[in-house]
Amino acid sequence: MPHPSPPPNADPIMAVRFAVPVLPAESVHRPRLVGRLAEGVRGPLVLVTGPAGAGKTLLAADWFRTVCGTGRAAWLTLEQSDNEPGRFWTYVLEAMRYHGVPLPADIQAPYDPRGADPALLGRLAAHLHSQDQPVVLVLDEFDRIALPQIAAELHELIRHAGAGLRLVLVSRTDPLLPLYRYRLTGELTCVRAADLAFSAEETIELFTTHGLAVTEESIRALTTRLDGWAAGLRLAALAAQEAPDPEASVRDFETGQGAVADFLTNEVLAAQPAETQDLLLRTCVLDQIHPDLADALTGRRDGARILDDLDRANAFLTPLGHSWYRQHPLFAEILRIRLHVRQPDLERVVHVRAARWLGEHGQLMAALTHAAQGEDWEFAAVLLVRSLAVWRLLVGRDAERLAHLFAAMPPETPGPAPALARAVLELARHDPDRAVAHLRAAEATLGRDSGTGDGNRDRTGDAALRLTAACLRALAARQTGSVEMAEAAVAQAAQLRAQLPPELVEAHPELSAHLMDDLGAVLLKDGRFAEAGRALATAVETPDAPDTAQPRHDSLCGLGLIELLDGRLTRAQEHARAAMAEARRSALPPGAGTGAGQLVLAEVAIDRGELAAADAELRSADAAVGDNSDAVVTQELSVAHSLLLLADGKPKAALDALQAPEPAVQAAAPWLADRVAATAAAAHLAAGHPDAALDALRDADRLAPEPAVASARARLALGEPEKALHDLVELDARDTDGSVVDVQAMLTRAQAVDALGDPATARRLVRAALDAAHAERLWLPFRLAAPWLCRVLNGDPGLTRPHPWLPPDLRPAPAPDLPLGAGTDELPAVIPPLSEREREVLARAAELMSTEEIATDLFLSVNTVKTHLKSINRKLAASRRGEAVRRARRLNLL
């Protein structure tokens, strides 16, 4: 099967990991094993295991090239750094795409190397399960994966993909999969070390391909001594090629302790020309070798020729395609030990040179790794900053790896770029004060040193350093809640971007996304919602790219919270759902703020009375919110839990769920502290403790909407309607009338004027509250206004008819459908109209209130209530109160 061409703009360094290894010209085709693999992939799992040099990879490559069809199979060679779930699945998906395996757009690489969203793997399994033909996935060097989580996820993928996936694992050891299950069901095909061992006939063929005339007896004896070990047999063949007496070389080949290493160093390496030895020794530090990179390490220009000669001679060099090679792992390991022990200074030099070459060719991660190994920390920091890649230390797939790498940087490393790197590490630890100290140190040296290390002025590099510092200041401002610092940082960043090449700025849209997201978060925390909304909307509009996924998600969540607080539930819901879609599409990990969108959806559901849905969303939010989540999100989550319990009639549990804001949160977000206090007051009030409700509001801003309404409701419960109205005076100037707090204010004002003897105005205010709440179906304010509201609505059933979303117990029951003239309930021909006060008395009588209770509730004397009841009975031709109520319902008077 021909090797697929790389996709457009494919990274050649990454593409070699997806390339099927090229078979050496002297390789031996092994039909018995190729046939076993071909038969094995009819089931879900094939395992090829054996020691290093057993020929596992060459066998799998031979089978892959001769049997697998284009677009139905993928190859991935794993590396040690892939031992992280997110990184592992990233390369699995990229390998499939590279080999032409079709994948839908909603299956994207995980955002965080530490984990993959189970929903992503579920979508992948569902997609594979739906295919007409199975996809074969070969994972070479699988022994480098030691994490049980990855094995468990692979097992689940196999199980759910069904006949749509065939997995071939090439490994030195058994994987952590539950192999016994596959054995019991007959779904496992194994090719073990004993199977891989060369037979004497295959060894004879191997020696024949090397052009060796050695007796069959010697070859059979050698095969027995080496137990058919492919690498050892090939070593013996190579040694015999170079020996003056091939027969004696094969006969005397040793396999004792250190024999292979001694052979590789003393026979293979020493037999090479000096320049070849030098190249092999210098390039052993690389995972992959390119001729130009080899020249950079040797300082010569013979890399292409030497590598080509080694390839043709099969001297422990594997071609990977696209002019890239890899040394045999055993050979490279021996060379690295030799380099480290005998020439440690040269080891540092080749790492430094490799870092600079890789950095110039856009391979940032590899360059930074070699720079760290070469202890060239200033270059590493300068490369990170000048590439505008500083955010990779904080978010994304490489964040943890980079943070660990730069954590080893000595604190005395000079220059502004290392200081900026130290600032990033402090921000990752959520220590903005120490970060700002490092930023000041970096900015103090920027005017004297451009960061190039040679003192030369580099305006582009200087601007990149200053832009990075401005971006980090914005994040520090977010962590401290400083609006002034954030605004200054954003303004400075706008000026610095103009000093950089446009193509460099355009290649890093994440800088603008993070800047505006940080600014919006600070403004939101400060209660400047309109300005925060504009900044967050700008962040959302940044180009769609992997590095902008996190800030765009965060900004969508922030917009959802702003809309929620302003009472625009539908728009809040839209933003939250868009945020959740972004998190799924970009595979953002739990703990990366993904719980904020679910929090907004939960609060929308609470406001609308959809309590079961709210509970489900809150559970998901709890699971997704990380330890380092934004303080506003964490605090608002406790408010949402409290409101849910309050709406469910559990005021004590609502108080227990409410967390008091920390001093830092209270200082940075006073509106949130007021919101917590108002929620606590509502819980105390629902529990029948109005004094405790007022005490909960002691430190709140009584002029703020939520505390003002909470205070007014407590005053009403204490029988102080005049004070309640006074608490609501400031709310009259608000422009909005559709949020939860606005509707609560209308209902509270209605109850107060009703208590002061103005039921007509009270009904008008209730009607206005219903109209204001109708568009967004704001259920919660009416739930909290019961039981007073029940009496009002029962007294005027027409109020509730246009609003079916109201709680059922707040809607008057329909009048029974009785025939006119039935028994004693026959209605008079003409019914005099009831006065407003008589309707109020009748409504309370329908609630089975006593005469004394009606008098207290309406602020009337008992005799006045009795007079109204007599008038009602007379007008409805009823002799008893119950009969009057029944007739009033038939006449739709209740």
# chains A, B, ... in the order shown; residues from 1 in each chain; ligands from 1
>>> residues_around(residues="stretch 493-503 of chain A", least_positions_apart="3", cutoff="6 Å", atoms="only C-alpha atoms", output="PyMOL selection string")
chain A and resi 460+463+467+470+490+506
>>> write_last_selection(atoms="N, CA and C atoms", output="compact mmCIF listing (two decimals), in the first residue's frame")
# COMPACT_ATOMS: atom_id res chain seq x y z
N THR A 460 11.58 44.70 17.51
CA THR A 460 10.50 43.71 17.46
C THR A 460 10.51 42.86 18.72
N ALA A 463 9.27 44.89 21.64
CA ALA A 463 7.81 45.05 21.64
C ALA A 463 7.12 43.75 22.06
N LEU A 467 4.69 43.49 25.12
CA LEU A 467 3.31 43.02 24.90
C LEU A 467 3.01 41.84 25.83
N ALA A 470 2.35 43.18 29.23
CA ALA A 470 1.02 43.79 29.33
C ALA A 470 -0.06 42.72 29.47
N VAL A 490 -4.58 46.72 28.89
CA VAL A 490 -5.22 46.58 27.59
C VAL A 490 -4.85 47.74 26.68
N GLU A 506 -1.35 38.46 13.91
CA GLU A 506 -2.48 37.69 13.39
C GLU A 506 -2.35 36.20 13.71
>>> residues_around(residues="stretch 353-364 of chain A", least_positions_apart="4", cutoff="6 Å", atoms="only C-alpha atoms", output="number ranges by chain")
A: 297, 370-371
>>> select_by_dssp(residues="stretch 242-396 of chain A", states="strand (DSSP E or B)", output="PyMOL selection string")
chain A and resi 289+317-321+324-327
>>> residues_around(residues="A:Asp302", least_positions_apart="6", cutoff="10 Å", atoms="only C-alpha atoms", output="ChimeraX atom specification")
/A:275-276,279,291-292,294-295
>>> residues_around(residues="A:Val168", least_positions_apart="6", cutoff="8 Å", atoms="only C-alpha atoms", output="MDAnalysis selection string")
chainID A and resid 41 45:48 136:139
>>> atom_distance(atom1="atom CA of A:Phe88", atom2="atom CA of A:Arg166")
17.6 Å
>>> residues_around(residues="stretch 868-875 of chain A", least_positions_apart="3", cutoff="8 Å", atoms="only C-alpha atoms", output="list in words")
Ile831, Pro832, Pro833, Leu834, Arg837, Glu838, Val841, Leu842, Thr864, Val865, Ala878, Ser879, Arg880, Arg881 and Ala884 of chain A
>>> residues_around(residues="A:Pro344", least_positions_apart="6", cutoff="12 Å", atoms="only C-alpha atoms", output="JSON list (two decimals) with C-alpha atoms, in the first residue's frame")
[["chain", "number", "residue", "atom", "x", "y", "z"],
["A", 281, "LEU", "CA", 26.97, 10.62, 18.63],
["A", 282, "ARG", "CA", 25.66, 14.18, 18.25],
["A", 336, "ARG", "CA", 23.46, 8.74, 24.79],
["A", 337, "ILE", "CA", 25.04, 6.98, 27.76],
["A", 338, "ARG", "CA", 28.41, 7.19, 26.08],
["A", 350, "VAL", "CA", 24.29, 19.62, 20.93],
["A", 351, "HIS", "CA", 21.15, 20.29, 22.99],
["A", 373, "GLN", "CA", 18.30, 20.03, 28.65],
["A", 374, "GLY", "CA", 21.17, 22.21, 27.50]]
>>> select_by_dssp(residues="stretch 681-785 of chain A", states="alpha helix (DSSP H)", output="PDB file with N, CA and C atoms, in the first residue's frame")
ATOM      1  N   ALA A 681     -31.200  36.601  53.426  1.00  0.00           N
ATOM      2  CA  ALA A 681     -32.384  37.242  54.009  1.00  0.00           C
ATOM      3  C   ALA A 681     -33.657  36.554  53.534  1.00  0.00           C
ATOM      4  N   ALA A 682     -33.720  36.199  52.262  1.00  0.00           N
ATOM      5  CA  ALA A 682     -34.906  35.507  51.735  1.00  0.00           C
ATOM      6  C   ALA A 682     -35.098  34.169  52.423  1.00  0.00           C
ATOM      7  N   ALA A 683     -34.003  33.456  52.702  1.00  0.00           N
ATOM      8  CA  ALA A 683     -34.102  32.169  53.382  1.00  0.00           C
ATOM      9  C   ALA A 683     -34.598  32.361  54.815  1.00  0.00           C
ATOM     10  N   HIS A 684     -34.040  33.348  55.522  1.00  0.00           N
ATOM     11  CA  HIS A 684     -34.517  33.627  56.893  1.00  0.00           C
ATOM     12  C   HIS A 684     -36.000  33.985  56.874  1.00  0.00           C
ATOM     13  N   LEU A 685     -36.401  34.778  55.901  1.00  0.00           N
ATOM     14  CA  LEU A 685     -37.793  35.201  55.822  1.00  0.00           C
ATOM     15  C   LEU A 685     -38.707  34.014  55.571  1.00  0.00           C
ATOM     16  N   ALA A 686     -38.283  33.120  54.663  1.00  0.00           N
ATOM     17  CA  ALA A 686     -39.088  31.931  54.377  1.00  0.00           C
ATOM     18  C   ALA A 686     -39.193  31.026  55.600  1.00  0.00           C
ATOM     19  N   PRO A 690     -38.104  37.257  60.279  1.00  0.00           N
ATOM     20  CA  PRO A 690     -37.815  38.535  59.618  1.00  0.00           C
ATOM     21  C   PRO A 690     -36.703  39.328  60.297  1.00  0.00           C
ATOM     22  N   ASP A 691     -36.578  39.206  61.621  1.00  0.00           N
ATOM     23  CA  ASP A 691     -35.487  39.913  62.299  1.00  0.00           C
ATOM     24  C   ASP A 691     -34.134  39.385  61.834  1.00  0.00           C
ATOM     25  N   ALA A 692     -34.033  38.075  61.695  1.00  0.00           N
ATOM     26  CA  ALA A 692     -32.781  37.486  61.199  1.00  0.00           C
ATOM     27  C   ALA A 692     -32.519  37.909  59.763  1.00  0.00           C
ATOM     28  N   ALA A 693     -33.594  38.095  58.992  1.00  0.00           N
ATOM     29  CA  ALA A 693     -33.433  38.548  57.612  1.00  0.00           C
ATOM     30  C   ALA A 693     -32.798  39.938  57.576  1.00  0.00           C
ATOM     31  N   LEU A 694     -33.297  40.835  58.430  1.00  0.00           N
ATOM     32  CA  LEU A 694     -32.718  42.178  58.478  1.00  0.00           C
ATOM     33  C   LEU A 694     -31.276  42.137  58.969  1.00  0.00           C
ATOM     34  N   ASP A 695     -30.993  41.245  59.906  1.00  0.00           N
ATOM     35  CA  ASP A 695     -29.631  41.136  60.416  1.00  0.00           C
ATOM     36  C   ASP A 695     -28.679  40.647  59.315  1.00  0.00           C
ATOM     37  N   ALA A 696     -29.171  39.781  58.429  1.00  0.00           N
ATOM     38  CA  ALA A 696     -28.345  39.288  57.327  1.00  0.00           C
ATOM     39  C   ALA A 696     -27.976  40.400  56.362  1.00  0.00           C
ATOM     40  N   PRO A 705     -30.375  47.089  44.513  1.00  0.00           N
ATOM     41  CA  PRO A 705     -31.713  46.516  44.272  1.00  0.00           C
ATOM     42  C   PRO A 705     -32.036  45.295  45.123  1.00  0.00           C
ATOM     43  N   GLU A 706     -31.178  44.284  45.107  1.00  0.00           N
ATOM     44  CA  GLU A 706     -31.531  43.042  45.813  1.00  0.00           C
ATOM     45  C   GLU A 706     -31.623  43.237  47.327  1.00  0.00           C
ATOM     46  N   PRO A 707     -30.654  43.877  47.976  1.00  0.00           N
ATOM     47  CA  PRO A 707     -30.829  44.119  49.409  1.00  0.00           C
ATOM     48  C   PRO A 707     -32.033  44.997  49.724  1.00  0.00           C
ATOM     49  N   ALA A 708     -32.331  45.976  48.867  1.00  0.00           N
ATOM     50  CA  ALA A 708     -33.484  46.850  49.107  1.00  0.00           C
ATOM     51  C   ALA A 708     -34.777  46.044  49.103  1.00  0.00           C
ATOM     52  N   VAL A 709     -34.941  45.167  48.123  1.00  0.00           N
ATOM     53  CA  VAL A 709     -36.156  44.343  48.058  1.00  0.00           C
ATOM     54  C   VAL A 709     -36.211  43.392  49.247  1.00  0.00           C
ATOM     55  N   ALA A 710     -35.058  42.776  49.577  1.00  0.00           N
ATOM     56  CA  ALA A 710     -35.040  41.848  50.706  1.00  0.00           C
ATOM     57  C   ALA A 710     -35.412  42.568  52.003  1.00  0.00           C
ATOM     58  N   SER A 711     -34.893  43.791  52.174  1.00  0.00           N
ATOM     59  CA  SER A 711     -35.214  44.560  53.380  1.00  0.00           C
ATOM     60  C   SER A 711     -36.698  44.901  53.416  1.00  0.00           C
ATOM     61  N   ALA A 712     -37.252  45.312  52.290  1.00  0.00           N
ATOM     62  CA  ALA A 712     -38.676  45.666  52.234  1.00  0.00           C
ATOM     63  C   ALA A 712     -39.550  44.469  52.561  1.00  0.00           C
ATOM     64  N   ARG A 713     -39.198  43.302  52.068  1.00  0.00           N
ATOM     65  CA  ARG A 713     -39.991  42.105  52.366  1.00  0.00           C
ATOM     66  C   ARG A 713     -39.928  41.773  53.854  1.00  0.00           C
ATOM     67  N   ALA A 714     -38.751  41.977  54.448  1.00  0.00           N
ATOM     68  CA  ALA A 714     -38.644  41.726  55.885  1.00  0.00           C
ATOM     69  C   ALA A 714     -39.478  42.727  56.670  1.00  0.00           C
ATOM     70  N   ARG A 715     -39.484  43.989  56.242  1.00  0.00           N
ATOM     71  CA  ARG A 715     -40.298  45.004  56.920  1.00  0.00           C
ATOM     72  C   ARG A 715     -41.785  44.649  56.853  1.00  0.00           C
ATOM     73  N   LEU A 716     -42.226  44.150  55.726  1.00  0.00           N
ATOM     74  CA  LEU A 716     -43.633  43.750  55.606  1.00  0.00           C
ATOM     75  C   LEU A 716     -43.965  42.642  56.591  1.00  0.00           C
ATOM     76  N   ALA A 717     -43.047  41.659  56.691  1.00  0.00           N
ATOM     77  CA  ALA A 717     -43.293  40.552  57.621  1.00  0.00           C
ATOM     78  C   ALA A 717     -43.350  41.032  59.067  1.00  0.00           C
ATOM     79  N   PRO A 721     -45.391  48.318  56.734  1.00  0.00           N
ATOM     80  CA  PRO A 721     -45.505  48.572  55.295  1.00  0.00           C
ATOM     81  C   PRO A 721     -44.931  49.928  54.872  1.00  0.00           C
ATOM     82  N   GLU A 722     -45.049  50.956  55.735  1.00  0.00           N
ATOM     83  CA  GLU A 722     -44.490  52.260  55.356  1.00  0.00           C
ATOM     84  C   GLU A 722     -42.970  52.170  55.188  1.00  0.00           C
ATOM     85  N   LYS A 723     -42.293  51.480  56.108  1.00  0.00           N
ATOM     86  CA  LYS A 723     -40.849  51.317  55.984  1.00  0.00           C
ATOM     87  C   LYS A 723     -40.482  50.481  54.756  1.00  0.00           C
ATOM     88  N   ALA A 724     -41.335  49.511  54.447  1.00  0.00           N
ATOM     89  CA  ALA A 724     -41.080  48.691  53.259  1.00  0.00           C
ATOM     90  C   ALA A 724     -41.089  49.559  52.007  1.00  0.00           C
ATOM     91  N   LEU A 725     -42.069  50.441  51.899  1.00  0.00           N
ATOM     92  CA  LEU A 725     -42.132  51.328  50.731  1.00  0.00           C
ATOM     93  C   LEU A 725     -40.937  52.268  50.696  1.00  0.00           C
ATOM     94  N   HIS A 726     -40.506  52.708  51.852  1.00  0.00           N
ATOM     95  CA  HIS A 726     -39.340  53.592  51.903  1.00  0.00           C
ATOM     96  C   HIS A 726     -38.101  52.874  51.373  1.00  0.00           C
ATOM     97  N   ASP A 727     -37.959  51.588  51.703  1.00  0.00           N
ATOM     98  CA  ASP A 727     -36.803  50.818  51.217  1.00  0.00           C
ATOM     99  C   ASP A 727     -36.798  50.704  49.702  1.00  0.00           C
ATOM    100  N   VAL A 740     -35.584  39.535  37.786  1.00  0.00           N
ATOM    101  CA  VAL A 740     -36.199  38.936  38.964  1.00  0.00           C
ATOM    102  C   VAL A 740     -36.371  39.965  40.066  1.00  0.00           C
ATOM    103  N   VAL A 741     -35.334  40.774  40.290  1.00  0.00           N
ATOM    104  CA  VAL A 741     -35.414  41.746  41.376  1.00  0.00           C
ATOM    105  C   VAL A 741     -36.443  42.828  41.071  1.00  0.00           C
ATOM    106  N   ASP A 742     -36.607  43.218  39.800  1.00  0.00           N
ATOM    107  CA  ASP A 742     -37.613  44.216  39.449  1.00  0.00           C
ATOM    108  C   ASP A 742     -39.018  43.683  39.707  1.00  0.00           C
ATOM    109  N   VAL A 743     -39.245  42.438  39.318  1.00  0.00           N
ATOM    110  CA  VAL A 743     -40.565  41.840  39.542  1.00  0.00           C
ATOM    111  C   VAL A 743     -40.815  41.673  41.037  1.00  0.00           C
ATOM    112  N   GLN A 744     -39.790  41.272  41.767  1.00  0.00           N
ATOM    113  CA  GLN A 744     -39.937  41.173  43.222  1.00  0.00           C
ATOM    114  C   GLN A 744     -40.277  42.525  43.830  1.00  0.00           C
ATOM    115  N   ALA A 745     -39.659  43.580  43.329  1.00  0.00           N
ATOM    116  CA  ALA A 745     -39.939  44.915  43.855  1.00  0.00           C
ATOM    117  C   ALA A 745     -41.396  45.291  43.617  1.00  0.00           C
ATOM    118  N   MET A 746     -41.925  45.011  42.426  1.00  0.00           N
ATOM    119  CA  MET A 746     -43.331  45.311  42.143  1.00  0.00           C
ATOM    120  C   MET A 746     -44.258  44.559  43.088  1.00  0.00           C
ATOM    121  N   LEU A 747     -43.981  43.278  43.284  1.00  0.00           N
ATOM    122  CA  LEU A 747     -44.849  42.481  44.155  1.00  0.00           C
ATOM    123  C   LEU A 747     -44.746  42.944  45.598  1.00  0.00           C
ATOM    124  N   THR A 748     -43.547  43.311  46.024  1.00  0.00           N
ATOM    125  CA  THR A 748     -43.372  43.792  47.400  1.00  0.00           C
ATOM    126  C   THR A 748     -44.091  45.116  47.600  1.00  0.00           C
ATOM    127  N   ARG A 749     -44.001  46.005  46.613  1.00  0.00           N
ATOM    128  CA  ARG A 749     -44.706  47.276  46.695  1.00  0.00           C
ATOM    129  C   ARG A 749     -46.219  47.039  46.716  1.00  0.00           C
ATOM    130  N   ALA A 750     -46.668  46.060  45.909  1.00  0.00           N
ATOM    131  CA  ALA A 750     -48.102  45.740  45.876  1.00  0.00           C
ATOM    132  C   ALA A 750     -48.571  45.266  47.244  1.00  0.00           C
ATOM    133  N   GLN A 751     -47.809  44.404  47.880  1.00  0.00           N
ATOM    134  CA  GLN A 751     -48.200  43.909  49.193  1.00  0.00           C
ATOM    135  C   GLN A 751     -48.217  45.033  50.226  1.00  0.00           C
ATOM    136  N   ALA A 752     -47.262  45.955  50.093  1.00  0.00           N
ATOM    137  CA  ALA A 752     -47.203  47.059  51.048  1.00  0.00           C
ATOM    138  C   ALA A 752     -48.415  47.976  50.909  1.00  0.00           C
ATOM    139  N   VAL A 753     -48.760  48.373  49.684  1.00  0.00           N
ATOM    140  CA  VAL A 753     -49.915  49.268  49.513  1.00  0.00           C
ATOM    141  C   VAL A 753     -51.197  48.554  49.866  1.00  0.00           C
ATOM    142  N   ASP A 754     -51.245  47.243  49.655  1.00  0.00           N
ATOM    143  CA  ASP A 754     -52.430  46.478  50.051  1.00  0.00           C
ATOM    144  C   ASP A 754     -52.593  46.523  51.564  1.00  0.00           C
ATOM    145  N   ALA A 755     -51.461  46.371  52.260  1.00  0.00           N
ATOM    146  CA  ALA A 755     -51.506  46.424  53.718  1.00  0.00           C
ATOM    147  C   ALA A 755     -51.909  47.807  54.218  1.00  0.00           C
ATOM    148  N   PRO A 759     -56.148  48.229  47.939  1.00  0.00           N
ATOM    149  CA  PRO A 759     -56.125  46.970  47.183  1.00  0.00           C
ATOM    150  C   PRO A 759     -56.169  47.184  45.667  1.00  0.00           C
ATOM    151  N   ALA A 760     -56.781  48.260  45.216  1.00  0.00           N
ATOM    152  CA  ALA A 760     -56.845  48.489  43.768  1.00  0.00           C
ATOM    153  C   ALA A 760     -55.448  48.722  43.197  1.00  0.00           C
ATOM    154  N   THR A 761     -54.668  49.570  43.879  1.00  0.00           N
ATOM    155  CA  THR A 761     -53.288  49.798  43.425  1.00  0.00           C
ATOM    156  C   THR A 761     -52.470  48.513  43.524  1.00  0.00           C
ATOM    157  N   ALA A 762     -52.755  47.742  44.571  1.00  0.00           N
ATOM    158  CA  ALA A 762     -52.037  46.478  44.727  1.00  0.00           C
ATOM    159  C   ALA A 762     -52.293  45.565  43.537  1.00  0.00           C
ATOM    160  N   ARG A 763     -53.572  45.498  43.107  1.00  0.00           N
ATOM    161  CA  ARG A 763     -53.874  44.634  41.966  1.00  0.00           C
ATOM    162  C   ARG A 763     -53.212  45.149  40.693  1.00  0.00           C
ATOM    163  N   ARG A 764     -53.169  46.454  40.523  1.00  0.00           N
ATOM    164  CA  ARG A 764     -52.504  47.001  39.339  1.00  0.00           C
ATOM    165  C   ARG A 764     -51.021  46.653  39.340  1.00  0.00           C
ATOM    166  N   LEU A 765     -50.403  46.719  40.502  1.00  0.00           N
ATOM    167  CA  LEU A 765     -48.985  46.377  40.586  1.00  0.00           C
ATOM    168  C   LEU A 765     -48.753  44.884  40.330  1.00  0.00           C
ATOM    169  N   VAL A 766     -49.657  44.052  40.825  1.00  0.00           N
ATOM    170  CA  VAL A 766     -49.534  42.612  40.554  1.00  0.00           C
ATOM    171  C   VAL A 766     -49.664  42.344  39.065  1.00  0.00           C
ATOM    172  N   ARG A 767     -50.638  43.024  38.439  1.00  0.00           N
ATOM    173  CA  ARG A 767     -50.800  42.845  36.991  1.00  0.00           C
ATOM    174  C   ARG A 767     -49.543  43.312  36.245  1.00  0.00           C
ATOM    175  N   ALA A 768     -48.962  44.437  36.671  1.00  0.00           N
ATOM    176  CA  ALA A 768     -47.733  44.923  36.030  1.00  0.00           C
ATOM    177  C   ALA A 768     -46.581  43.935  36.229  1.00  0.00           C
ATOM    178  N   ALA A 769     -46.509  43.344  37.417  1.00  0.00           N
ATOM    179  CA  ALA A 769     -45.463  42.345  37.666  1.00  0.00           C
ATOM    180  C   ALA A 769     -45.639  41.126  36.776  1.00  0.00           C
ATOM    181  N   LEU A 770     -46.884  40.684  36.627  1.00  0.00           N
ATOM    182  CA  LEU A 770     -47.148  39.539  35.746  1.00  0.00           C
ATOM    183  C   LEU A 770     -46.776  39.855  34.306  1.00  0.00           C
ATOM    184  N   ASP A 771     -47.117  41.060  33.870  1.00  0.00           N
ATOM    185  CA  ASP A 771     -46.784  41.452  32.490  1.00  0.00           C
ATOM    186  C   ASP A 771     -45.263  41.537  32.296  1.00  0.00           C
ATOM    187  N   ALA A 772     -44.564  42.075  33.305  1.00  0.00           N
ATOM    188  CA  ALA A 772     -43.109  42.207  33.191  1.00  0.00           C
ATOM    189  C   ALA A 772     -42.424  40.847  33.188  1.00  0.00           C
ATOM    190  N   ALA A 773     -43.009  39.894  33.907  1.00  0.00           N
ATOM    191  CA  ALA A 773     -42.387  38.574  34.024  1.00  0.00           C
ATOM    192  C   ALA A 773     -42.769  37.639  32.894  1.00  0.00           C
ATOM    193  N   HIS A 774     -43.789  38.015  32.133  1.00  0.00           N
ATOM    194  CA  HIS A 774     -44.371  37.066  31.176  1.00  0.00           C
ATOM    195  C   HIS A 774     -43.387  36.621  30.096  1.00  0.00           C
ATOM    196  N   LEU A 780     -39.930  32.483  39.847  1.00  0.00           N
ATOM    197  CA  LEU A 780     -39.432  32.530  41.216  1.00  0.00           C
ATOM    198  C   LEU A 780     -39.999  33.678  42.048  1.00  0.00           C
ATOM    199  N   PRO A 781     -40.087  34.922  41.542  1.00  0.00           N
ATOM    200  CA  PRO A 781     -40.614  35.999  42.403  1.00  0.00           C
ATOM    201  C   PRO A 781     -42.019  35.713  42.914  1.00  0.00           C
ATOM    202  N   PHE A 782     -42.836  35.067  42.106  1.00  0.00           N
ATOM    203  CA  PHE A 782     -44.211  34.778  42.522  1.00  0.00           C
ATOM    204  C   PHE A 782     -44.248  33.635  43.534  1.00  0.00           C
ATOM    205  N   ARG A 783     -43.323  32.689  43.396  1.00  0.00           N
ATOM    206  CA  ARG A 783     -43.232  31.615  44.378  1.00  0.00           C
ATOM    207  C   ARG A 783     -42.877  32.193  45.749  1.00  0.00           C
ATOM    208  N   LEU A 784     -41.935  33.135  45.766  1.00  0.00           N
ATOM    209  CA  LEU A 784     -41.489  33.704  47.032  1.00  0.00           C
ATOM    210  C   LEU A 784     -42.520  34.660  47.630  1.00  0.00           C
ATOM    211  N   ALA A 785     -43.437  35.177  46.811  1.00  0.00           N
ATOM    212  CA  ALA A 785     -44.447  36.125  47.307  1.00  0.00           C
ATOM    213  C   ALA A 785     -45.661  35.442  47.909  1.00  0.00           C
TER     214      ALA A 785
END
>>> residues_around(residues="stretch 238-250 of chain A", least_positions_apart="3", cutoff="6 Å", atoms="only C-alpha atoms", output="PyMOL selection string")
chain A and resi 214+235+253
>>> write_last_selection(atoms="all heavy atoms", output="mmCIF file, in the first residue's frame")
data_model
loop_
_atom_site.group_PDB
_atom_site.id
_atom_site.type_symbol
_atom_site.label_atom_id
_atom_site.label_comp_id
_atom_site.auth_asym_id
_atom_site.auth_seq_id
_atom_site.Cartn_x
_atom_site.Cartn_y
_atom_site.Cartn_z
ATOM 1 N N VAL A 214 27.183 -18.477 4.430
ATOM 2 C CA VAL A 214 27.492 -19.123 5.703
ATOM 3 C C VAL A 214 26.763 -20.462 5.728
ATOM 4 O O VAL A 214 25.644 -20.583 5.226
ATOM 5 C CB VAL A 214 27.048 -18.240 6.886
ATOM 6 C CG1 VAL A 214 27.403 -18.896 8.219
ATOM 7 C CG2 VAL A 214 27.686 -16.870 6.793
ATOM 8 N N LEU A 235 22.310 -8.088 13.874
ATOM 9 C CA LEU A 235 23.632 -7.654 14.318
ATOM 10 C C LEU A 235 24.705 -8.648 13.869
ATOM 11 O O LEU A 235 25.783 -8.265 13.402
ATOM 12 C CB LEU A 235 23.664 -7.538 15.845
ATOM 13 C CG LEU A 235 23.002 -6.306 16.473
ATOM 14 C CD1 LEU A 235 22.966 -6.466 17.982
ATOM 15 C CD2 LEU A 235 23.746 -5.057 16.076
ATOM 16 N N PHE A 253 29.838 -15.435 17.527
ATOM 17 C CA PHE A 253 29.051 -14.281 17.991
ATOM 18 C C PHE A 253 28.534 -14.544 19.403
ATOM 19 O O PHE A 253 27.932 -15.568 19.680
ATOM 20 C CB PHE A 253 27.879 -14.028 17.039
ATOM 21 C CG PHE A 253 27.148 -12.747 17.310
ATOM 22 C CD1 PHE A 253 27.631 -11.542 16.830
ATOM 23 C CD2 PHE A 253 25.981 -12.744 18.049
ATOM 24 C CE1 PHE A 253 26.969 -10.365 17.079
ATOM 25 C CE2 PHE A 253 25.305 -11.564 18.293
ATOM 26 C CZ PHE A 253 25.803 -10.362 17.812
#
>>> atom_distance(atom1="atom CA of A:Asp132", atom2="atom CA of A:Ala163")
9.0 Å
>>> closest_residue(among="A:Val349, A:Leu643, A:Val625, A:Ala200", to="A:Glu216", atoms="only C-alpha atoms")
A:Ala200
>>> closest_residue(among="A:Leu222, A:Ala687, A:Leu233, A:Leu672", to="A:His210", atoms="only C-alpha atoms")
A:Leu233
